[in-house]
>>> print(open('model22.cif').read())   # mmCIF, C-alpha atoms
data_coords
#
loop_
_atom_site.group_PDB
_atom_site.id
_atom_site.type_symbol
_atom_site.label_atom_id
_atom_site.label_comp_id
_atom_site.auth_asym_id
_atom_site.auth_seq_id
_atom_site.Cartn_x
_atom_site.Cartn_y
_atom_site.Cartn_z
ATOM 1 C CA MET A 1449 0.000 0.000 0.000
ATOM 2 C CA ASN A 1450 1.597 3.262 -1.084
ATOM 3 C CA GLN A 1451 -0.956 6.026 -0.888
ATOM 4 C CA ILE A 1452 -2.982 6.132 2.332
ATOM 5 C CA ARG A 1453 -6.446 7.602 2.695
ATOM 6 C CA ALA A 1454 -7.057 8.373 6.354
ATOM 7 C CA LEU A 1455 -10.145 9.440 8.284
ATOM 8 C CA ILE A 1456 -9.441 11.425 11.460
ATOM 9 C CA VAL A 1457 -12.347 11.709 13.912
ATOM 10 C CA ASP A 1458 -12.002 14.216 16.734
ATOM 11 C CA ASP A 1459 -14.168 17.095 17.924
ATOM 12 C CA SER A 1460 -11.075 19.310 18.095
ATOM 13 C CA SER A 1461 -9.896 20.662 14.748
ATOM 14 C CA VAL A 1462 -6.508 21.376 16.342
ATOM 15 C CA MET A 1463 -6.166 17.748 17.364
ATOM 16 C CA ARG A 1464 -7.163 16.579 13.874
ATOM 17 C CA LYS A 1465 -4.339 18.682 12.444
ATOM 18 C CA ILE A 1466 -1.851 17.297 14.980
ATOM 19 C CA VAL A 1467 -2.858 13.721 14.190
ATOM 20 C CA GLU A 1468 -2.508 14.410 10.455
ATOM 21 C CA ARG A 1469 0.942 15.904 11.032
ATOM 22 C CA SER A 1470 1.908 12.818 13.061
ATOM 23 C CA LEU A 1471 0.888 10.560 10.180
ATOM 24 C CA ARG A 1472 3.061 12.530 7.781
ATOM 25 C CA GLN A 1473 5.949 12.510 10.271
ATOM 26 C CA ALA A 1474 5.580 8.727 10.410
ATOM 27 C CA GLY A 1475 6.688 8.716 6.796
ATOM 28 C CA LEU A 1476 3.369 7.615 5.356
ATOM 29 C CA GLU A 1477 2.418 8.821 1.912
ATOM 30 C CA ILE A 1478 -0.978 10.370 2.477
ATOM 31 C CA SER A 1479 -3.138 10.848 -0.585
ATOM 32 C CA ALA A 1480 -6.152 12.168 1.326
ATOM 33 C CA VAL A 1481 -7.131 13.064 4.868
ATOM 34 C CA LEU A 1482 -10.841 13.130 5.571
ATOM 35 C CA GLU A 1483 -12.093 14.671 8.797
ATOM 36 C CA ALA A 1484 -15.105 14.290 11.059
ATOM 37 C CA GLY A 1485 -16.021 16.038 14.301
ATOM 38 C CA ASN A 1486 -17.886 13.110 15.868
ATOM 39 C CA GLY A 1487 -18.985 9.560 15.212
ATOM 40 C CA ALA A 1488 -22.112 10.510 13.298
ATOM 41 C CA GLU A 1489 -20.146 12.724 10.955
ATOM 42 C CA ALA A 1490 -17.657 9.908 10.464
ATOM 43 C CA LEU A 1491 -20.430 7.532 9.407
ATOM 44 C CA ALA A 1492 -21.628 10.129 6.900
ATOM 45 C CA VAL A 1493 -18.115 10.454 5.490
ATOM 46 C CA LEU A 1494 -17.752 6.682 5.245
ATOM 47 C CA ALA A 1495 -21.072 6.333 3.448
ATOM 48 C CA GLU A 1496 -19.489 8.019 0.445
ATOM 49 C CA ASN A 1497 -15.763 7.399 0.847
ATOM 50 C CA HIS A 1498 -13.419 4.481 1.267
ATOM 51 C CA VAL A 1499 -10.437 4.919 3.580
ATOM 52 C CA ASP A 1500 -7.447 2.770 4.564
ATOM 53 C CA LEU A 1501 -7.159 3.904 8.170
ATOM 54 C CA ILE A 1502 -9.362 5.495 10.837
ATOM 55 C CA LEU A 1503 -7.957 7.409 13.812
ATOM 56 C CA CYS A 1504 -10.630 8.155 16.366
ATOM 57 C CA ASP A 1505 -11.109 10.040 19.633
ATOM 58 C CA ILE A 1506 -13.474 8.625 22.275
ATOM 59 C CA ASN A 1507 -15.039 11.597 24.072
ATOM 60 C CA MET A 1508 -17.023 13.464 21.443
ATOM 61 C CA PRO A 1509 -20.504 14.978 21.314
ATOM 62 C CA VAL A 1510 -23.393 13.432 19.347
ATOM 63 C CA MET A 1511 -21.749 10.008 18.944
ATOM 64 C CA ASP A 1512 -18.638 8.962 20.833
ATOM 65 C CA GLY A 1513 -15.769 6.933 19.477
ATOM 66 C CA LEU A 1514 -16.717 3.655 21.139
ATOM 67 C CA GLU A 1515 -20.191 3.764 19.605
ATOM 68 C CA LEU A 1516 -18.665 4.601 16.235
ATOM 69 C CA VAL A 1517 -16.334 1.601 16.359
ATOM 70 C CA LYS A 1518 -19.267 -0.694 17.145
ATOM 71 C CA ARG A 1519 -21.236 0.618 14.182
ATOM 72 C CA LEU A 1520 -18.337 0.378 11.737
ATOM 73 C CA ALA A 1521 -18.875 -3.374 11.454
ATOM 74 C CA THR A 1522 -21.985 -2.690 9.404
ATOM 75 C CA VAL A 1523 -20.419 -0.032 7.175
ATOM 76 C CA GLU A 1524 -19.320 -1.365 3.793
ATOM 77 C CA ASN A 1525 -16.555 1.202 3.307
ATOM 78 C CA ALA A 1526 -15.117 0.489 6.762
ATOM 79 C CA ARG A 1527 -15.015 -3.306 6.535
ATOM 80 C CA GLY A 1528 -11.512 -4.468 7.412
ATOM 81 C CA VAL A 1529 -10.255 -0.928 7.869
ATOM 82 C CA PRO A 1530 -8.019 -0.651 10.961
ATOM 83 C CA VAL A 1531 -9.177 1.746 13.647
ATOM 84 C CA VAL A 1532 -6.775 3.298 16.152
ATOM 85 C CA MET A 1533 -8.184 5.185 19.123
ATOM 86 C CA ILE A 1534 -6.374 8.384 20.176
ATOM 87 C CA THR A 1535 -7.870 9.614 23.425
ATOM 88 C CA THR A 1536 -7.353 11.095 26.874
ATOM 89 C CA GLU A 1537 -9.257 8.119 28.310
ATOM 90 C CA GLY A 1538 -6.496 5.844 29.534
ATOM 91 C CA SER A 1539 -8.306 3.421 31.798
ATOM 92 C CA GLU A 1540 -8.054 -0.309 31.277
ATOM 93 C CA SER A 1541 -11.826 -0.559 30.882
ATOM 94 C CA HIS A 1542 -11.784 1.922 28.006
ATOM 95 C CA VAL A 1543 -8.959 0.033 26.313
ATOM 96 C CA VAL A 1544 -10.790 -3.282 26.696
ATOM 97 C CA ARG A 1545 -14.069 -1.819 25.454
ATOM 98 C CA ALA A 1546 -12.390 -0.237 22.444
ATOM 99 C CA LEU A 1547 -10.460 -3.352 21.452
ATOM 100 C CA SER A 1548 -13.498 -5.560 22.053
ATOM 101 C CA ALA A 1549 -15.555 -3.316 19.797
ATOM 102 C CA GLY A 1550 -13.047 -3.734 16.997
ATOM 103 C CA ALA A 1551 -10.327 -1.111 17.436
ATOM 104 C CA ARG A 1552 -6.864 -2.386 16.511
ATOM 105 C CA GLY A 1553 -4.781 0.133 18.434
ATOM 106 C CA TYR A 1554 -5.023 2.509 21.385
ATOM 107 C CA ILE A 1555 -2.951 5.648 21.939
ATOM 108 C CA ARG A 1556 -3.305 7.827 25.017
ATOM 109 C CA LYS A 1557 -3.101 11.618 24.802
ATOM 110 C CA PRO A 1558 -0.651 13.253 25.210
ATOM 111 C CA PHE A 1559 1.166 11.339 22.509
ATOM 112 C CA THR A 1560 4.185 11.574 20.232
ATOM 113 C CA ALA A 1561 4.449 11.128 16.482
ATOM 114 C CA GLU A 1562 6.638 8.110 17.199
ATOM 115 C CA GLN A 1563 3.768 6.434 19.076
ATOM 116 C CA VAL A 1564 1.450 7.019 16.126
ATOM 117 C CA LYS A 1565 4.050 5.490 13.829
ATOM 118 C CA GLU A 1566 4.506 2.440 16.063
ATOM 119 C CA HIS A 1567 0.779 1.750 16.113
ATOM 120 C CA VAL A 1568 -0.141 2.573 12.536
ATOM 121 C CA ILE A 1569 2.676 1.160 10.405
ATOM 122 C CA PRO A 1570 2.140 -2.489 11.391
ATOM 123 C CA LEU A 1571 -1.585 -2.214 10.758
ATOM 124 C CA LEU A 1572 -1.091 -0.924 7.229
ATOM 125 C CA GLY A 1573 1.656 -3.337 6.279
ATOM 126 C CA VAL A 1574 3.808 -0.567 4.886
ATOM 127 C CA HIS A 1575 7.443 0.280 5.371
ATOM 128 C CA ALA A 1576 7.796 3.969 6.169
ATOM 129 C CA MET B 1065 2.267 4.506 29.775
ATOM 130 C CA ASN B 1066 4.018 7.681 30.767
ATOM 131 C CA THR B 1067 7.127 7.191 32.848
ATOM 132 C CA ALA B 1068 5.912 9.043 35.905
ATOM 133 C CA THR B 1069 2.747 7.035 36.304
ATOM 134 C CA ALA B 1070 4.093 4.178 38.347
ATOM 135 C CA ALA B 1071 6.220 6.377 40.565
ATOM 136 C CA PHE B 1072 3.614 8.969 41.426
ATOM 137 C CA GLY B 1073 0.285 7.189 41.106
ATOM 138 C CA ARG B 1074 -1.836 7.753 44.192
ATOM 139 C CA SER B 1075 -5.101 6.365 45.437
ATOM 140 C CA ILE B 1076 -8.326 8.271 44.928
ATOM 141 C CA HIS B 1077 -8.745 8.140 48.690
ATOM 142 C CA SER B 1078 -5.526 10.036 49.380
ATOM 143 C CA HIS B 1079 -5.279 13.597 48.071
ATOM 144 C CA GLY B 1080 -1.961 14.216 49.796
ATOM 145 C CA ASN B 1081 0.300 14.373 46.775
ATOM 146 C CA TRP B 1082 -2.195 15.318 44.097
ATOM 147 C CA ASN B 1083 -0.423 18.632 43.532
ATOM 148 C CA ILE B 1084 2.672 16.683 42.492
ATOM 149 C CA VAL B 1085 0.650 14.398 40.236
ATOM 150 C CA LEU B 1086 -1.111 17.407 38.724
ATOM 151 C CA GLU B 1087 2.201 19.135 38.041
ATOM 152 C CA ILE B 1088 3.651 16.029 36.392
ATOM 153 C CA ALA B 1089 0.512 15.607 34.292
ATOM 154 C CA ALA B 1090 0.824 19.195 33.062
ATOM 155 C CA ARG B 1091 4.545 18.963 32.393
ATOM 156 C CA GLU B 1092 4.078 15.833 30.286
ATOM 157 C CA VAL B 1093 1.376 17.453 28.164
ATOM 158 C CA PHE B 1094 3.548 20.483 27.443
ATOM 159 C CA GLU B 1095 6.621 18.371 26.711
ATOM 160 C CA LEU B 1096 4.922 15.898 24.390
ATOM 161 C CA MET B 1097 2.397 18.112 22.618
ATOM 162 C CA LEU B 1098 4.112 21.522 22.628
ATOM 163 C CA ASN B 1099 7.759 20.449 22.868
ATOM 164 C CA SER B 1100 8.050 22.914 25.742
ATOM 165 C CA GLN B 1101 9.357 22.600 29.277
ATOM 166 C CA LEU B 1102 7.280 24.188 32.010
ATOM 167 C CA THR B 1103 9.399 25.692 34.755
ATOM 168 C CA THR B 1104 8.829 26.421 38.423
ATOM 169 C CA PRO B 1105 8.565 30.089 39.463
ATOM 170 C CA ALA B 1106 11.143 31.247 41.993
ATOM 171 C CA ALA B 1107 8.576 33.307 43.880
ATOM 172 C CA PRO B 1108 4.789 33.748 43.961
ATOM 173 C CA LEU B 1109 3.559 35.571 40.893
ATOM 174 C CA ALA B 1110 0.828 38.047 40.195
ATOM 175 C CA GLN B 1111 -1.485 36.292 37.783
ATOM 176 C CA ASP B 1112 -3.321 38.253 35.154
ATOM 177 C CA HIS B 1113 -5.412 35.610 33.417
ATOM 178 C CA ASN B 1114 -7.748 36.512 30.628
ATOM 179 C CA ILE B 1115 -8.450 33.082 29.245
ATOM 180 C CA THR B 1116 -9.598 30.059 31.230
ATOM 181 C CA ALA B 1117 -10.338 26.479 30.234
ATOM 182 C CA MET B 1118 -12.417 24.138 32.362
ATOM 183 C CA VAL B 1119 -12.921 20.383 32.185
ATOM 184 C CA GLY B 1120 -15.310 18.667 34.569
ATOM 185 C CA PHE B 1121 -14.893 15.325 36.310
ATOM 186 C CA ALA B 1122 -17.909 13.147 37.122
ATOM 187 C CA GLY B 1123 -18.224 9.771 38.774
ATOM 188 C CA GLU B 1124 -15.817 8.572 41.439
ATOM 189 C CA LEU B 1125 -14.221 12.001 41.358
ATOM 190 C CA CYS B 1126 -16.472 15.036 41.047
ATOM 191 C CA GLY B 1127 -14.854 18.356 40.385
ATOM 192 C CA VAL B 1128 -13.356 20.604 37.783
ATOM 193 C CA LEU B 1129 -9.887 21.277 36.406
ATOM 194 C CA ILE B 1130 -9.285 24.951 35.684
ATOM 195 C CA LEU B 1131 -6.406 26.130 33.473
ATOM 196 C CA GLY B 1132 -5.682 29.846 33.274
ATOM 197 C CA CYS B 1133 -3.151 32.129 31.604
ATOM 198 C CA SER B 1134 -2.879 35.259 29.491
ATOM 199 C CA LEU B 1135 -4.300 35.384 25.990
ATOM 200 C CA GLU B 1136 -0.779 35.881 24.667
ATOM 201 C CA SER B 1137 0.374 32.685 26.351
ATOM 202 C CA SER B 1138 -2.571 30.681 25.069
ATOM 203 C CA ASN B 1139 -1.848 31.972 21.576
ATOM 204 C CA LEU B 1140 1.757 30.851 21.896
ATOM 205 C CA MET B 1141 0.601 27.448 23.159
ATOM 206 C CA ALA B 1142 -1.622 27.005 20.109
ATOM 207 C CA SER B 1143 1.226 27.979 17.792
ATOM 208 C CA ARG B 1144 3.522 25.438 19.464
ATOM 209 C CA MET B 1145 0.907 22.707 19.178
ATOM 210 C CA LEU B 1146 0.305 23.363 15.513
ATOM 211 C CA GLY B 1147 3.893 24.217 14.610
ATOM 212 C CA VAL B 1148 2.987 27.577 13.106
ATOM 213 C CA HIS B 1149 3.875 31.201 13.826
ATOM 214 C CA PRO B 1150 1.762 32.812 16.596
ATOM 215 C CA GLY B 1151 0.561 35.365 14.070
ATOM 216 C CA GLU B 1152 -1.118 32.592 12.095
ATOM 217 C CA ILE B 1153 -3.269 31.507 15.031
ATOM 218 C CA ALA B 1154 -6.860 32.709 14.908
ATOM 219 C CA ARG B 1155 -9.841 30.508 15.676
ATOM 220 C CA GLU B 1156 -7.612 27.668 16.868
ATOM 221 C CA ASN B 1157 -6.666 29.481 20.078
ATOM 222 C CA CYS B 1158 -9.633 28.375 22.195
ATOM 223 C CA ASP B 1159 -9.729 24.908 20.675
ATOM 224 C CA ALA B 1160 -6.044 24.324 21.439
ATOM 225 C CA PHE B 1161 -6.298 25.712 24.960
ATOM 226 C CA GLY B 1162 -9.297 23.519 25.698
ATOM 227 C CA GLU B 1163 -7.460 20.468 24.407
ATOM 228 C CA ILE B 1164 -4.468 21.216 26.627
ATOM 229 C CA CYS B 1165 -6.794 21.394 29.631
ATOM 230 C CA ASN B 1166 -8.498 18.192 28.512
ATOM 231 C CA MET B 1167 -5.196 16.343 28.183
ATOM 232 C CA ILE B 1168 -3.966 17.531 31.586
ATOM 233 C CA ALA B 1169 -7.244 16.350 33.141
ATOM 234 C CA GLY B 1170 -7.061 12.980 31.406
ATOM 235 C CA ASN B 1171 -3.377 12.523 32.167
ATOM 236 C CA PHE B 1172 -3.996 13.376 35.825
ATOM 237 C CA LYS B 1173 -6.932 10.982 36.023
ATOM 238 C CA ASN B 1174 -4.898 8.173 34.492
ATOM 239 C CA LYS B 1175 -2.223 8.585 37.161
ATOM 240 C CA ILE B 1176 -4.571 8.157 40.104
ATOM 241 C CA SER B 1177 -5.059 4.535 41.037
ATOM 242 C CA GLY B 1178 -8.671 3.430 40.841
ATOM 243 C CA LEU B 1179 -9.867 6.592 39.168
ATOM 244 C CA GLY B 1180 -9.540 5.789 35.492
ATOM 245 C CA ASN B 1181 -12.401 3.324 35.226
ATOM 246 C CA GLY B 1182 -15.005 5.219 37.211
ATOM 247 C CA CYS B 1183 -14.494 8.830 36.236
ATOM 248 C CA MET B 1184 -15.644 10.656 33.132
ATOM 249 C CA LEU B 1185 -14.435 13.930 31.659
ATOM 250 C CA SER B 1186 -16.615 16.649 30.209
ATOM 251 C CA VAL B 1187 -15.789 18.376 26.952
ATOM 252 C CA PRO B 1188 -13.747 21.546 27.620
ATOM 253 C CA ALA B 1189 -15.340 24.950 28.133
ATOM 254 C CA ILE B 1190 -13.498 28.226 27.563
ATOM 255 C CA ILE B 1191 -14.007 31.539 29.370
ATOM 256 C CA SER B 1192 -12.598 34.708 27.814
ATOM 257 C CA GLY B 1193 -11.812 37.599 30.122
ATOM 258 C CA GLY B 1194 -10.523 37.710 33.652
ATOM 259 C CA HIS B 1195 -13.277 39.341 35.693
ATOM 260 C CA TYR B 1196 -15.058 36.326 37.076
ATOM 261 C CA HIS B 1197 -15.131 34.288 40.246
ATOM 262 C CA VAL B 1198 -15.521 30.541 40.606
ATOM 263 C CA HIS B 1199 -17.916 29.612 43.398
ATOM 264 C CA PRO B 1200 -17.085 26.078 44.500
ATOM 265 C CA LEU B 1201 -19.646 23.847 46.107
ATOM 266 C CA SER B 1202 -19.381 23.332 49.823
ATOM 267 C CA ARG B 1203 -16.605 21.070 51.098
ATOM 268 C CA ALA B 1204 -14.659 21.501 47.878
ATOM 269 C CA GLU B 1205 -10.923 21.012 48.206
ATOM 270 C CA ALA B 1206 -8.526 22.835 45.909
ATOM 271 C CA VAL B 1207 -5.217 21.579 44.525
ATOM 272 C CA GLU B 1208 -3.307 24.489 43.033
ATOM 273 C CA VAL B 1209 -0.190 24.508 40.864
ATOM 274 C CA THR B 1210 1.428 27.504 39.163
ATOM 275 C CA LEU B 1211 4.124 26.960 36.551
ATOM 276 C CA LEU B 1212 5.815 29.095 33.939
ATOM 277 C CA PHE B 1213 5.339 28.679 30.202
ATOM 278 C CA GLU B 1214 7.965 30.711 28.339
ATOM 279 C CA GLY B 1215 8.328 32.836 31.465
ATOM 280 C CA ALA B 1216 4.625 33.594 31.869
ATOM 281 C CA PRO B 1217 2.450 32.090 34.623
ATOM 282 C CA VAL B 1218 0.046 29.266 33.943
ATOM 283 C CA SER B 1219 -2.223 28.281 36.815
ATOM 284 C CA ILE B 1220 -3.733 24.844 37.149
ATOM 285 C CA SER B 1221 -6.401 24.329 39.762
ATOM 286 C CA LEU B 1222 -8.277 21.166 40.616
ATOM 287 C CA ARG B 1223 -11.459 21.724 42.639
ATOM 288 C CA VAL B 1224 -12.586 18.443 44.137
ATOM 289 C CA HIS B 1225 -16.152 18.080 45.405
ATOM 290 C CA ASN B 1226 -15.853 14.616 46.878
#
>>> encode(input="model22.cif", output="structure tokens")
Amino acid sequence: MNQIRALIVDDSSVMRKIVERSLRQAGLEISAVLEAGNGAEALAVLAENHVDLILCDINMPVMDGLELVKRLATVENARGVPVVMITTEGSESHVVRALSAGARGYIRKPFTAEQVKEHVIPLLGVHA
Amino acid sequence: MNTATAAFGRSIHSHGNWNIVLEIAAREVFELMLNSQLTTPAAPLAQDHNITAMVGFAGELCGVLILGCSLESSNLMASRMLGVHPGEIARENCDAFGEICNMIAGNFKNKISGLGNGCMLSVPAIISGGHYHVHPLSRAEAVEVTLLFEGAPVSISLRVHN
């Protein structure tokens, strides 16, 4: 996989930009970054777009990240797409709930670009 | 897991060293997300805050984390987070400041044993201006930390209601 299409879901536009920058710093070739401010917006984006990777916050208004991950199983464009949570929620119960729902990675805020790289690269099967 | 967690984690039932945990939580956020080292003031400082961020705790810990500084400092924080010149910061100022407060609250919560699973965070709220007073509920305890960001004071206050 050479060109990555990523969906970043976070209610903070600043955090979406930081996550995007971290992906680029990881050495990934990004062809498109789609953004959503909550889970419901993410589902709307995925109804019309295919992506290779989803990075998702948990605490968001309207629909939180855990609910989004549960619903992704029924979304055609999200089938098999790895989801990595990036969140301030660091408790074991949140990690277990996220991974049980289908997330493939879990990064706690504050985070470094190196952490994003370590979680994302293996999931995409690319060599950055 | 951040390196300080194991060394400074404290029980929810013991507030004794929460000021230390709060300071470490803040320092880590600034180091990792802003590439900036907070420093300790040599003497008490006059604080002229005109922007404040608040994140609420609910559940096993009820309270609010309050982050305050000058507008100039918050603008500089946003520029450091985004890696752009302070002059390029506009609407992102409040968003960035709220996220910093949110990350300090989450990082603090994750360092307190037994708190992570039973405590939820609110989305951040921002207050512009400095002429206000916070009226805590009765029996509220306060944990206060003041640090310097690029030489300017940043106050972090945790008001605990239980």
>>> closest_atom_pairs(input="model22.cif", of="stretch 1074-1160 of chain B", to="stretch 1547-1563 of chain A", cutoff="12 Å", atoms="only C-alpha atoms", output="JSON lines")
{"residue": "B:Ala1089", "atom": "CA", "partner": "A:Pro1558", "partner_atom": "CA", "distance": 9.5}
{"residue": "B:Ala1090", "atom": "CA", "partner": "A:Pro1558", "partner_atom": "CA", "distance": 10.0}
{"residue": "B:Arg1091", "atom": "CA", "partner": "A:Pro1558", "partner_atom": "CA", "distance": 10.5}
{"residue": "B:Glu1092", "atom": "CA", "partner": "A:Pro1558", "partner_atom": "CA", "distance": 7.4}
{"residue": "B:Val1093", "atom": "CA", "partner": "A:Pro1558", "partner_atom": "CA", "distance": 5.5}
{"residue": "B:Phe1094", "atom": "CA", "partner": "A:Pro1558", "partner_atom": "CA", "distance": 8.7}
{"residue": "B:Glu1095", "atom": "CA", "partner": "A:Pro1558", "partner_atom": "CA", "distance": 9.0}
{"residue": "B:Leu1096", "atom": "CA", "partner": "A:Thr1560", "partner_atom": "CA", "distance": 6.0}
{"residue": "B:Met1097", "atom": "CA", "partner": "A:Pro1558", "partner_atom": "CA", "distance": 6.3}
{"residue": "B:Leu1098", "atom": "CA", "partner": "A:Pro1558", "partner_atom": "CA", "distance": 9.9}
{"residue": "B:Asn1099", "atom": "CA", "partner": "A:Thr1560", "partner_atom": "CA", "distance": 9.9}
{"residue": "B:Met1145", "atom": "CA", "partner": "A:Pro1558", "partner_atom": "CA", "distance": 11.3}
>>> atom_distance(input="model22.cif", atom1="atom CA of A:Leu1516", atom2="atom CA of A:His1498")
15.9 Å
>>> atom_distance(input="model22.cif", atom1="atom CA of A:Val1564", atom2="atom CA of A:Val1467")
8.2 Å
>>> interface_residues(input="model22.cif", of="chain A", to="chain B", cutoff="6 Å", atoms="all atoms listed in the file", output="ChimeraX atom specification")
/A:1462,1536,1538-1539,1541,1558
>>> residues_near_point(input="model22.cif", point="(2.2, -1.9, 11.7)", cutoff="12 Å", atoms="all atoms listed in the file", output="PDB file with C-alpha atoms, in the coordinates of the input")
ATOM      1  CA  ALA A1474       5.580   8.727  10.410  1.00  0.00           C
ATOM      2  CA  LEU A1476       3.369   7.615   5.356  1.00  0.00           C
ATOM      3  CA  LEU A1501      -7.159   3.904   8.170  1.00  0.00           C
ATOM      4  CA  PRO A1530      -8.019  -0.651  10.961  1.00  0.00           C
ATOM      5  CA  VAL A1532      -6.775   3.298  16.152  1.00  0.00           C
ATOM      6  CA  ARG A1552      -6.864  -2.386  16.511  1.00  0.00           C
ATOM      7  CA  GLY A1553      -4.781   0.133  18.434  1.00  0.00           C
ATOM      8  CA  GLN A1563       3.768   6.434  19.076  1.00  0.00           C
ATOM      9  CA  VAL A1564       1.450   7.019  16.126  1.00  0.00           C
ATOM     10  CA  LYS A1565       4.050   5.490  13.829  1.00  0.00           C
ATOM     11  CA  GLU A1566       4.506   2.440  16.063  1.00  0.00           C
ATOM     12  CA  HIS A1567       0.779   1.750  16.113  1.00  0.00           C
ATOM     13  CA  VAL A1568      -0.141   2.573  12.536  1.00  0.00           C
ATOM     14  CA  ILE A1569       2.676   1.160  10.405  1.00  0.00           C
ATOM     15  CA  PRO A1570       2.140  -2.489  11.391  1.00  0.00           C
ATOM     16  CA  LEU A1571      -1.585  -2.214  10.758  1.00  0.00           C
ATOM     17  CA  LEU A1572      -1.091  -0.924   7.229  1.00  0.00           C
ATOM     18  CA  GLY A1573       1.656  -3.337   6.279  1.00  0.00           C
ATOM     19  CA  VAL A1574       3.808  -0.567   4.886  1.00  0.00           C
ATOM     20  CA  HIS A1575       7.443   0.280   5.371  1.00  0.00           C
ATOM     21  CA  ALA A1576       7.796   3.969   6.169  1.00  0.00           C
TER      22      ALA A1576
END
>>> residues_around(input="model22.cif", residues="B:Met1118", least_positions_apart="5", cutoff="8 Å", atoms="only C-alpha atoms", output="VMD selection string")
chain B and resid 1128 to 1131 1162 1165 1188 to 1190
>>> atom_distance(input="model22.cif", atom1="atom CA of A:Glu1524", atom2="atom CA of A:Ala1484")
17.8 Å
>>> closest_residue(input="model22.cif", among="A:Asp1505, A:Ala1546, A:Leu1491, A:Val1499", to="A:Val1523", atoms="all atoms listed in the file")
A:Leu1491
>>> resolve_selection(input="model22.cif", expression="the PyMOL selection byres ((chain A and resi 1486) around 12)", output="ChimeraX atom specification")
/A:1455-1461,1464,1483-1485,1487-1493,1503-1517
>>> resolve_selection(input="model22.cif", expression="the PyMOL selection byres ((chain B and resi 1135) around 10)", output="JSON, numbers by chain")
{"B": [1112, 1113, 1114, 1115, 1116, 1132, 1133, 1134, 1136, 1137, 1138, 1139, 1140, 1141, 1157, 1158, 1161, 1192, 1193]}
>>> write_last_selection(input="model22.cif", atoms="C-alpha atoms", output="compact mmCIF listing (two decimals), in the frame of the given file")
# COMPACT_ATOMS: atom_id res chain seq x y z
CA ASP B 1112 -3.32 38.25 35.15
CA HIS B 1113 -5.41 35.61 33.42
CA ASN B 1114 -7.75 36.51 30.63
CA ILE B 1115 -8.45 33.08 29.24
CA THR B 1116 -9.60 30.06 31.23
CA GLY B 1132 -5.68 29.85 33.27
CA CYS B 1133 -3.15 32.13 31.60
CA SER B 1134 -2.88 35.26 29.49
CA GLU B 1136 -0.78 35.88 24.67
CA SER B 1137 0.37 32.68 26.35
CA SER B 1138 -2.57 30.68 25.07
CA ASN B 1139 -1.85 31.97 21.58
CA LEU B 1140 1.76 30.85 21.90
CA MET B 1141 0.60 27.45 23.16
CA ASN B 1157 -6.67 29.48 20.08
CA CYS B 1158 -9.63 28.38 22.20
CA PHE B 1161 -6.30 25.71 24.96
CA SER B 1192 -12.60 34.71 27.81
CA GLY B 1193 -11.81 37.60 30.12
>>> resolve_selection(input="model22.cif", expression="the PyMOL selection byres ((chain B and resi 1106) around 12)", output="mmCIF file with C-alpha atoms, in the coordinates of the input")
data_model
loop_
_atom_site.group_PDB
_atom_site.id
_atom_site.type_symbol
_atom_site.label_atom_id
_atom_site.label_comp_id
_atom_site.auth_asym_id
_atom_site.auth_seq_id
_atom_site.Cartn_x
_atom_site.Cartn_y
_atom_site.Cartn_z
ATOM 1 C CA THR B 1103 9.399 25.692 34.755
ATOM 2 C CA THR B 1104 8.829 26.421 38.423
ATOM 3 C CA PRO B 1105 8.565 30.089 39.463
ATOM 4 C CA ALA B 1107 8.576 33.307 43.880
ATOM 5 C CA PRO B 1108 4.789 33.748 43.961
ATOM 6 C CA LEU B 1109 3.559 35.571 40.893
ATOM 7 C CA THR B 1210 1.428 27.504 39.163
ATOM 8 C CA LEU B 1211 4.124 26.960 36.551
ATOM 9 C CA LEU B 1212 5.815 29.095 33.939
ATOM 10 C CA GLY B 1215 8.328 32.836 31.465
ATOM 11 C CA PRO B 1217 2.450 32.090 34.623
#
>>> closest_residue(input="model22.cif", among="B:Leu1222, B:Val1198, B:Ala1110, B:Ala1204", to="B:Asn1083", atoms="only C-alpha atoms")
B:Leu1222
>>> closest_residue(input="model22.cif", among="B:Ala1206, B:Val1218, B:Ala1154, B:Ile1084", to="B:Gly1127", atoms="all atoms listed in the file")
B:Ala1206
>>> closest_residue(input="model22.cif", among="A:Ile1502, A:Met1463, A:Ile1452, A:Val1543", to="A:Gly1528", atoms="only C-alpha atoms")
A:Ile1502
>>> build_atoms(input="model22.cif", residues="stretch 1157-1163 of chain B", atoms="N, CA and C atoms", output="compact mmCIF listing (two decimals), in the coordinates of the input")
# COMPACT_ATOMS: atom_id res chain seq x y z
N ASN B 1157 -7.15 29.16 18.74
CA ASN B 1157 -6.67 29.48 20.08
C ASN B 1157 -7.48 28.78 21.16
N CYS B 1158 -8.78 28.96 21.15
CA CYS B 1158 -9.63 28.38 22.20
C CYS B 1158 -9.66 26.85 22.10
N ASP B 1159 -9.71 26.36 20.89
CA ASP B 1159 -9.73 24.91 20.68
C ASP B 1159 -8.46 24.28 21.26
N ALA B 1160 -7.32 24.87 20.95
CA ALA B 1160 -6.04 24.32 21.44
C ALA B 1160 -5.96 24.41 22.96
N PHE B 1161 -6.38 25.53 23.51
CA PHE B 1161 -6.30 25.71 24.96
C PHE B 1161 -7.22 24.72 25.68
N GLY B 1162 -8.39 24.51 25.13
CA GLY B 1162 -9.30 23.52 25.70
C GLY B 1162 -8.72 22.11 25.63
N GLU B 1163 -8.06 21.80 24.54
CA GLU B 1163 -7.46 20.47 24.41
C GLU B 1163 -6.32 20.27 25.40
